[in-house]
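Each remark here refers to the structure printed beneath this line.
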Amino acid sequence: MIYIGCHLTVTNGYEAMGHQMVSFGGNTFAWFTRNPRGGKTKDVDPADVAALSEILSQKSFGKLVAHGSYTMNLCSANADTRANGLEMLAKDLEKMEALPGQYYNFHPGSHTGQGAEAGIEQIAEGLNKVLWPEMHTTVLLETMAGKGSEVGRNFEELKAIIDRVELKDKLGVCFDTCHTWDSGYDIVGDLDGVLAKFDKIIGLDKLKAVHFNDSKNPCGAAKDRHEKLGQGFIGMEGMKRFATHPAFEGLPFILETPNDDEGYIQEIATVQSWFA
Ligand code: FE
Ligand code: FE
Ligand code: ZN
């Protein structure tokens, strides 16, 4: 058994996403809480959310993994960009309360020349402003490829953020296979070693979700170009060994591969066939 799905558009509401993923054969999904490039969000319709919740329990879905906007940057050198990002994050998390108990993943940020240390401080400072003790969402920091000035390019940077956040129990990590590979972790040749490192530095209890992507580039390329399963440098065997590793059992796997609907339906079936 595996929880597998892909990104869906929220344009037609929450219930529509549930029906769509059922028709794709999957049992989890991701969606951008607002246009990936930023912009406004619609208000939540309680009836729509209730209809989705019904589907989730009827079809035994795993946790859902909402994704914050790419424009959200909690550690930009530009103070207005930082403030904007924080406002987006606060609003997104407030909105997530309509669908309690799910995951919200975001890219920690890009320090835009300030240095990783300063970036880590600002990201943690932002999180300390917007997390609250009674919230029902777990906020996930995504492992990043390390392109440009991205923060979160290694487990140490993610750990440094978590260490500075007061409400640590509200935080987790989303393991993006393409990003982690691109940032230099050999999940093909030494998956056990990578996981041992993750456990030692962050702790496997913080591992909450997976972005399941092959990569167009070799390990360590720091590029972040996703590829379809089996068509990249990780390869189908590597993807399979990853998905079937006991460390990831029960976690939601989200495909972010360059596919159309038909492609996602096929990849979902492929991944499920590894568990049959
Ligand atoms: Fe992402
Ligand atoms: Fe990702
Ligand atoms: Zn990516």
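Letters for chains follow the order of the structure tokens (A, B, ...), residue numbers begin at 1 for each chain, and ligand numbers begin at 1 in the order shown.
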Using only C-alpha atoms and all ligand atoms, find each residue with an atom at most 7 Å away from ligand 2 and format the answer as a list in words.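 I would give the residues around ligand 2 as Glu142, Asp176, His211 and Glu256 of chain A.
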Spatial neighbours of A:Arg82, 8 Å, only C-alpha atoms, chain gap at least 5 places, as an MDAnalysis selection string: chainID A and resid 72:77
Shell of 8 Å around A:Leu131, only C-alpha atoms, local chain residues under 3 positions omitted, as a list in words: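 Counting only the stated atoms, we get Ala90, Leu127, Asn128, Met135, Leu167 and Lys170 of chain A.
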Could you list, as number ranges by chain, all protein and nucleic acid residues with an atom at most 12 Å from ligand 1, counting only C-alpha atoms and all ligand atoms? A: 7, 30-32, 36, 65-72, 104-109, 140-145, 150, 152, 173-180, 209-213, 224-226, 254-257
Same residues, C-alpha atoms, output as a PDB file, in the first residue's frame:
ATOM      1  CA  HIS A   7      -0.528  18.133  -8.143  1.00  0.00           C
ATOM      2  CA  ALA A  30      -1.104  18.395  -3.735  1.00  0.00           C
ATOM      3  CA  TRP A  31      -2.391  21.776  -4.808  1.00  0.00           C
ATOM      4  CA  PHE A  32      -1.058  25.292  -4.875  1.00  0.00           C
ATOM      5  CA  PRO A  36       2.200  29.346  -8.048  1.00  0.00           C
ATOM      6  CA  VAL A  65       0.228  18.147   0.841  1.00  0.00           C
ATOM      7  CA  ALA A  66      -0.685  21.748  -0.020  1.00  0.00           C
ATOM      8  CA  HIS A  67       2.118  23.787  -1.606  1.00  0.00           C
ATOM      9  CA  GLY A  68       2.879  27.429  -0.875  1.00  0.00           C
ATOM     10  CA  SER A  69       3.569  29.915  -3.645  1.00  0.00           C
ATOM     11  CA  TYR A  70       6.995  30.056  -5.301  1.00  0.00           C
ATOM     12  CA  THR A  71       6.991  33.834  -4.868  1.00  0.00           C
ATOM     13  CA  MET A  72       6.849  33.468  -1.113  1.00  0.00           C
ATOM     14  CA  TYR A 104       1.459  22.500   4.010  1.00  0.00           C
ATOM     15  CA  ASN A 105       4.800  22.419   2.206  1.00  0.00           C
ATOM     16  CA  PHE A 106       6.872  25.405   1.124  1.00  0.00           C
ATOM     17  CA  HIS A 107      10.321  26.262  -0.202  1.00  0.00           C
ATOM     18  CA  PRO A 108      12.236  27.696   2.772  1.00  0.00           C
ATOM     19  CA  GLY A 109      13.482  30.600   0.662  1.00  0.00           C
ATOM     20  CA  LEU A 140       6.826  21.139   5.868  1.00  0.00           C
ATOM     21  CA  LEU A 141      10.165  22.546   4.768  1.00  0.00           C
ATOM     22  CA  GLU A 142      11.082  21.152   1.345  1.00  0.00           C
ATOM     23  CA  THR A 143      14.567  19.776   0.680  1.00  0.00           C
ATOM     24  CA  MET A 144      15.981  22.032  -2.045  1.00  0.00           C
ATOM     25  CA  ALA A 145      18.306  21.446  -5.009  1.00  0.00           C
ATOM     26  CA  GLU A 150      18.265  28.534  -2.098  1.00  0.00           C
ATOM     27  CA  GLY A 152      17.585  24.146   2.538  1.00  0.00           C
ATOM     28  CA  VAL A 173      10.270  17.971   6.163  1.00  0.00           C
ATOM     29  CA  CYS A 174       9.118  17.111   2.650  1.00  0.00           C
ATOM     30  CA  PHE A 175      11.771  15.035   0.864  1.00  0.00           C
ATOM     31  CA  ASP A 176      11.899  15.993  -2.826  1.00  0.00           C
ATOM     32  CA  THR A 177      13.782  13.184  -4.591  1.00  0.00           C
ATOM     33  CA  CYS A 178      14.875  15.359  -7.551  1.00  0.00           C
ATOM     34  CA  HIS A 179      16.017  18.217  -5.328  1.00  0.00           C
ATOM     35  CA  THR A 180      17.841  16.038  -2.810  1.00  0.00           C
ATOM     36  CA  ALA A 209       6.012  13.636   2.849  1.00  0.00           C
ATOM     37  CA  VAL A 210       7.793  12.931  -0.433  1.00  0.00           C
ATOM     38  CA  HIS A 211       7.879  14.813  -3.730  1.00  0.00           C
ATOM     39  CA  PHE A 212       8.498  11.895  -6.057  1.00  0.00           C
ATOM     40  CA  ASN A 213      10.405  13.021  -9.141  1.00  0.00           C
ATOM     41  CA  ASP A 224      16.260  21.315 -10.113  1.00  0.00           C
ATOM     42  CA  ARG A 225      14.873  20.006 -13.412  1.00  0.00           C
ATOM     43  CA  HIS A 226      12.276  17.310 -12.792  1.00  0.00           C
ATOM     44  CA  ILE A 254       3.382  13.500  -4.658  1.00  0.00           C
ATOM     45  CA  LEU A 255       4.421  13.331  -8.323  1.00  0.00           C
ATOM     46  CA  GLU A 256       5.759  16.621  -9.723  1.00  0.00           C
ATOM     47  CA  THR A 257       6.920  15.082 -12.969  1.00  0.00           C
TER      48      THR A 257
END
Pick out the closest residue to A:Glu94 from this set: A:Ile268, A:Ala243, A:Lys216, A:Val44. Count only C-alpha atoms.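 Of the candidates, the smallest distance to A:Glu94 is held by A:Val44.
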Report, in Å to a single decimal, how far apart atom CA of A:Asp169 and atom CA of A:Leu56 are.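 Interatomic distance, atom CA of A:Leu56 to atom CA of A:Asp169: 24.2 Å.
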